[in-house]
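A short write-up of the structure that comes next.
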Amino acid sequence: MAFTTNQLQAINERNKNILVSAAAGSGKTTVLAERIINKIVNDKIDVDRLLVVTFTKDAAEEMKERIIKRINVEIEKNNDNSFLIEQLVRINKAQISTIDSFCSKVVKTHFKVLDIDPNFRIGDKGELDILTDETLQNFLDKYYEDNEINFINLVDAFTKGANDDKFKSIFLNLYFKSQNLPYPEKWLKNAYKQFEISTEEEFFSSKIFEKLINYVEEILNEVIIICDRIKFISAGELDFEKNANDTSTLEGFLTEEFSNFNNMLFDIKNKNYKSFINSIYNLKYERWNRNFLKENPDLKEEIKSLRDLYKGFIKDEIIKKFFSKPILDIVNEIKTIYPIIKTLCNLIIEFDNYFLDIKKEKNIYTFSDISHFCLNILVKDNKPTSVANQYKELFEEIIIDEYQDSNTIQETLLSSISANNRFMVGDIKQCIYRFRQANTNIFNEKY
């Protein structure tokens, strides 16, 4: 097969982390296999010193078959090549697998670090669903019996009457989300601490406000684009430069409105939040003069339509969502829900430990459990362990297919055993594992 210049670069580049963005149908799997063969045939690297991570078992088997086929082709060229013949034996123990399979192998090899039975198995979905529901009900029953006030307030906040199905659904959604993160307990504690707010100043410096204001900034940037569109379509008919200061003209009328939005953006960028909030609370639109563009009704309607669009954006996406009430009222609401969120997060932490003990008794785990076991083996105090360093020495290269589907825990795991030797292939448009907290930012930050 004839490779393109870019494909050859992906095959032959060495001694650095490499990320290849490859769209569907671009031959990325062929390139990936060729790189592996190249490292075996030309660099004389044993196949079991390569860690190849795929996201399905079928993809892993297909990759093995491709490699075996290509090794056989090379052997046919030289029947005495003992090194390549040996690779056909080594490939049986080569780490060409899903990330879950790799984690499972690490845990089974180093089970003593965790004090668990190495003969564990992964429960099937139906089995785990039943076990989860039963365990959660037993866990919650103890709290219902104790009638503890914080727990009762938590349940009442999410339920009506005696049916707590909605509460349990919210509880499990947050639990499962935390399980696909490297450090669930830390994440849950940070989550409720975001709501530990008592004053306006604390609100403005909080993570909650940071996320809010970033979203508002995005909306205002969209509004500015609409304003620029109005200027563009009216070029030749309106003279914004000449009449910008004359509010009796359409140009001056619109320029004054546009200036309000630009001033809001300026305040946000410069962290003048009280000034921005004052502007948004006092935002008013002057009435449209029916004499504007009387001679050009088509342009008039197009501009009015675009104006209605940005007014709607600001009303629905900024005012209604975030600033329909005074800041002090928002702060008081956060103060009210803080103990509820704190109780929920701490309850999930407790349930996680309770549920893990039950799974240990049955020796049945989830993929997330095994990922966390693996993380505990490879990382301690945010640093690679001695075991991680052994894997780092073992693997000449770590090759990751479908990198866009990586989540934070997988990234943390593979980072701990790599040494500037990762080859990553993916396409951001094909991310399909968001339900497992696939984090496309991991891909974007490197690309």
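Ligands are numbered from 1 in the order shown, residues from 1 within each chain, and chains are lettered A, B, ... in the order they appear in the structure tokens.
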message: Which residues are close to segment 400-402 of chain A, i.e. within 6 Å by only C-alpha atoms, leaving aside same-chain residues fewer than 5 positions away? Reply as a ChimeraX atom specification.
response: /A:52-54,424-426
message: With only C-alpha atoms as the counted atoms, please give the residues lying no more than 9 Å from Lys93 of chain A, apart from itself and same-chain residues fewer than 3 positions off, as a ChimeraX atom specification.
response: /A:47-48,89-90,96
Same residues, all heavy atoms, saved as a tab-separated table (two decimals), in the first residue's frame:
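result16.tsv written:
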```
chain	number	residue	atom	x	y	z
A	47	VAL	N	7.10	-7.60	20.33
A	47	VAL	CA	5.71	-7.18	20.29
A	47	VAL	C	5.10	-7.08	21.69
A	47	VAL	O	4.21	-6.25	21.92
A	47	VAL	CB	4.88	-8.15	19.41
A	47	VAL	CG1	4.79	-9.54	20.03
A	47	VAL	CG2	3.50	-7.59	19.15
A	48	ASP	N	5.61	-7.87	22.65
A	48	ASP	CA	5.06	-7.79	24.00
A	48	ASP	C	5.66	-6.65	24.81
A	48	ASP	O	5.39	-6.52	26.00
A	48	ASP	CB	5.21	-9.12	24.74
A	48	ASP	CG	6.64	-9.62	24.77
A	48	ASP	OD1	7.50	-9.00	24.13
A	48	ASP	OD2	6.89	-10.64	25.44
A	89	VAL	N	5.21	-16.13	18.64
A	89	VAL	CA	4.98	-16.75	19.94
A	89	VAL	C	4.66	-15.67	20.98
A	89	VAL	O	3.72	-15.80	21.77
A	89	VAL	CB	6.23	-17.55	20.38
A	89	VAL	CG1	6.01	-18.13	21.78
A	89	VAL	CG2	6.52	-18.65	19.37
A	90	ARG	N	5.43	-14.59	20.95
A	90	ARG	CA	5.28	-13.52	21.93
A	90	ARG	C	3.92	-12.81	21.82
A	90	ARG	O	3.41	-12.28	22.82
A	90	ARG	CB	6.40	-12.48	21.78
A	90	ARG	CG	7.75	-12.95	22.31
A	90	ARG	CD	8.80	-11.87	22.10
A	90	ARG	NE	10.07	-12.23	22.71
A	90	ARG	CZ	10.44	-11.92	23.95
A	90	ARG	NH1	9.61	-11.25	24.73
A	90	ARG	NH2	11.61	-12.29	24.42
A	96	ILE	N	-2.28	-6.38	23.72
A	96	ILE	CA	-3.12	-5.77	22.69
A	96	ILE	C	-4.54	-6.02	23.13
A	96	ILE	O	-5.08	-7.12	22.96
A	96	ILE	CB	-2.84	-6.37	21.29
A	96	ILE	CG1	-1.36	-6.23	20.94
A	96	ILE	CG2	-3.72	-5.71	20.23
A	96	ILE	CD1	-0.95	-6.98	19.69
```
Ile122 of chain A surroundings by only C-alpha atoms, 7 Å radius, close-in-sequence under 4 positions cut, as a compact mmCIF listing (two decimals) with C-alpha atoms, in the first residue's frame:
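The resulting file, around.txt, is reproduced below:
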```txt
# COMPACT_ATOMS: atom_id res chain seq x y z
CA ILE A 364 -17.80 -9.51 41.68
CA TYR A 365 -16.81 -6.08 40.39
CA THR A 366 -17.59 -3.48 37.76
CA PHE A 367 -15.13 -2.23 35.15
```
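Within the 10 Å cut-off around Tyr391 of chain A, using only C-alpha atoms and omitting residues fewer than 6 positions from it on the same chain, the listed residues are Arg49, Leu51, Val106, Leu378, Ser416, Ile417 and Ser418 of chain A.
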Selection near segment 55-58 of chain A, 7 Å with only C-alpha atoms, sequence-local residues under 2 positions removed, as number ranges by chain: A: 53, 60-62, 97-99, 402
Thr199 of chain A surroundings by only C-alpha atoms, 10 Å radius, close-in-sequence under 2 positions cut, as a PyMOL selection string: chain A and resi 196-197+201-204+327-328+331-332+335
Store the residues picked out above in a file with N, CA, C and O atoms, as a PDB file, in the first residue's frame.
```pdb
ATOM      1  N   GLU A 196     -20.414  26.170  49.198  1.00  0.00           N
ATOM      2  CA  GLU A 196     -20.152  26.765  50.516  1.00  0.00           C
ATOM      3  C   GLU A 196     -19.949  28.267  50.354  1.00  0.00           C
ATOM      4  O   GLU A 196     -18.831  28.778  50.368  1.00  0.00           O
ATOM      5  N   ILE A 197     -21.051  28.968  50.186  1.00  0.00           N
ATOM      6  CA  ILE A 197     -21.041  30.395  49.852  1.00  0.00           C
ATOM      7  C   ILE A 197     -21.966  31.142  50.806  1.00  0.00           C
ATOM      8  O   ILE A 197     -23.117  30.734  51.015  1.00  0.00           O
ATOM      9  N   GLU A 201     -19.404  38.366  47.672  1.00  0.00           N
ATOM     10  CA  GLU A 201     -17.987  38.282  47.291  1.00  0.00           C
ATOM     11  C   GLU A 201     -17.561  36.827  47.113  1.00  0.00           C
ATOM     12  O   GLU A 201     -16.823  36.494  46.167  1.00  0.00           O
ATOM     13  N   GLU A 202     -18.014  35.962  47.999  1.00  0.00           N
ATOM     14  CA  GLU A 202     -17.703  34.536  47.862  1.00  0.00           C
ATOM     15  C   GLU A 202     -18.369  33.953  46.613  1.00  0.00           C
ATOM     16  O   GLU A 202     -17.795  33.091  45.943  1.00  0.00           O
ATOM     17  N   PHE A 203     -19.557  34.436  46.301  1.00  0.00           N
ATOM     18  CA  PHE A 203     -20.247  33.972  45.097  1.00  0.00           C
ATOM     19  C   PHE A 203     -19.451  34.342  43.848  1.00  0.00           C
ATOM     20  O   PHE A 203     -19.247  33.514  42.957  1.00  0.00           O
ATOM     21  N   PHE A 204     -18.975  35.594  43.791  1.00  0.00           N
ATOM     22  CA  PHE A 204     -18.231  36.050  42.616  1.00  0.00           C
ATOM     23  C   PHE A 204     -16.899  35.323  42.441  1.00  0.00           C
ATOM     24  O   PHE A 204     -16.382  35.226  41.317  1.00  0.00           O
ATOM     25  N   ILE A 327     -28.848  39.283  43.264  1.00  0.00           N
ATOM     26  CA  ILE A 327     -27.720  38.416  43.619  1.00  0.00           C
ATOM     27  C   ILE A 327     -27.839  37.910  45.056  1.00  0.00           C
ATOM     28  O   ILE A 327     -27.559  36.742  45.347  1.00  0.00           O
ATOM     29  N   LEU A 328     -28.281  38.762  45.949  1.00  0.00           N
ATOM     30  CA  LEU A 328     -28.400  38.356  47.353  1.00  0.00           C
ATOM     31  C   LEU A 328     -29.383  37.199  47.495  1.00  0.00           C
ATOM     32  O   LEU A 328     -29.170  36.280  48.309  1.00  0.00           O
ATOM     33  N   VAL A 331     -27.588  34.075  46.407  1.00  0.00           N
ATOM     34  CA  VAL A 331     -26.669  33.639  47.456  1.00  0.00           C
ATOM     35  C   VAL A 331     -27.441  32.928  48.578  1.00  0.00           C
ATOM     36  O   VAL A 331     -27.019  31.874  49.076  1.00  0.00           O
ATOM     37  N   ASN A 332     -28.584  33.466  48.942  1.00  0.00           N
ATOM     38  CA  ASN A 332     -29.389  32.850  50.013  1.00  0.00           C
ATOM     39  C   ASN A 332     -29.924  31.478  49.579  1.00  0.00           C
ATOM     40  O   ASN A 332     -30.014  30.556  50.407  1.00  0.00           O
ATOM     41  N   LYS A 335     -27.080  29.097  49.938  1.00  0.00           N
ATOM     42  CA  LYS A 335     -26.884  28.782  51.351  1.00  0.00           C
ATOM     43  C   LYS A 335     -27.902  27.742  51.831  1.00  0.00           C
ATOM     44  O   LYS A 335     -27.595  26.886  52.661  1.00  0.00           O
TER      45      LYS A 335
END
```
All residues 10 Å or closer to Arg14 of chain A, only C-alpha atoms, same chain fewer than 4 positions away omitted, as a PDB file with C-alpha atoms, in the first residue's frame:
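Saved result, part39.pdb, follows:
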```
ATOM      1  CA  GLN A   9       5.233  10.657   9.223  1.00  0.00           C
ATOM      2  CA  ALA A  10       2.764   8.992  11.610  1.00  0.00           C
ATOM      3  CA  ILE A  18       2.376  11.775  19.039  1.00  0.00           C
ATOM      4  CA  LYS A  39       8.707  -0.995  15.232  1.00  0.00           C
ATOM      5  CA  GLU A 397       5.612   2.489  23.335  1.00  0.00           C
ATOM      6  CA  ASN A 421       6.276   7.465  24.350  1.00  0.00           C
ATOM      7  CA  ARG A 422       2.548   7.549  23.625  1.00  0.00           C
ATOM      8  CA  PHE A 423       1.146   7.241  20.117  1.00  0.00           C
TER       9      PHE A 423
END
```
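Distances to Leu254 of chain A were evaluated for A:Ile303, A:Val31, A:Leu220, A:Leu136 using only C-alpha atoms, and the minimum falls at A:Ile303.
For the choices A:Asp427, A:Glu210, A:Glu396, A:Glu76, the atom-to-atom distance to Lys44 of chain A is smallest for A:Glu396 when using only C-alpha atoms.
Atom CA of Asn363 of chain A sits 27.8 Å away from atom CA of Asn382 of chain A.
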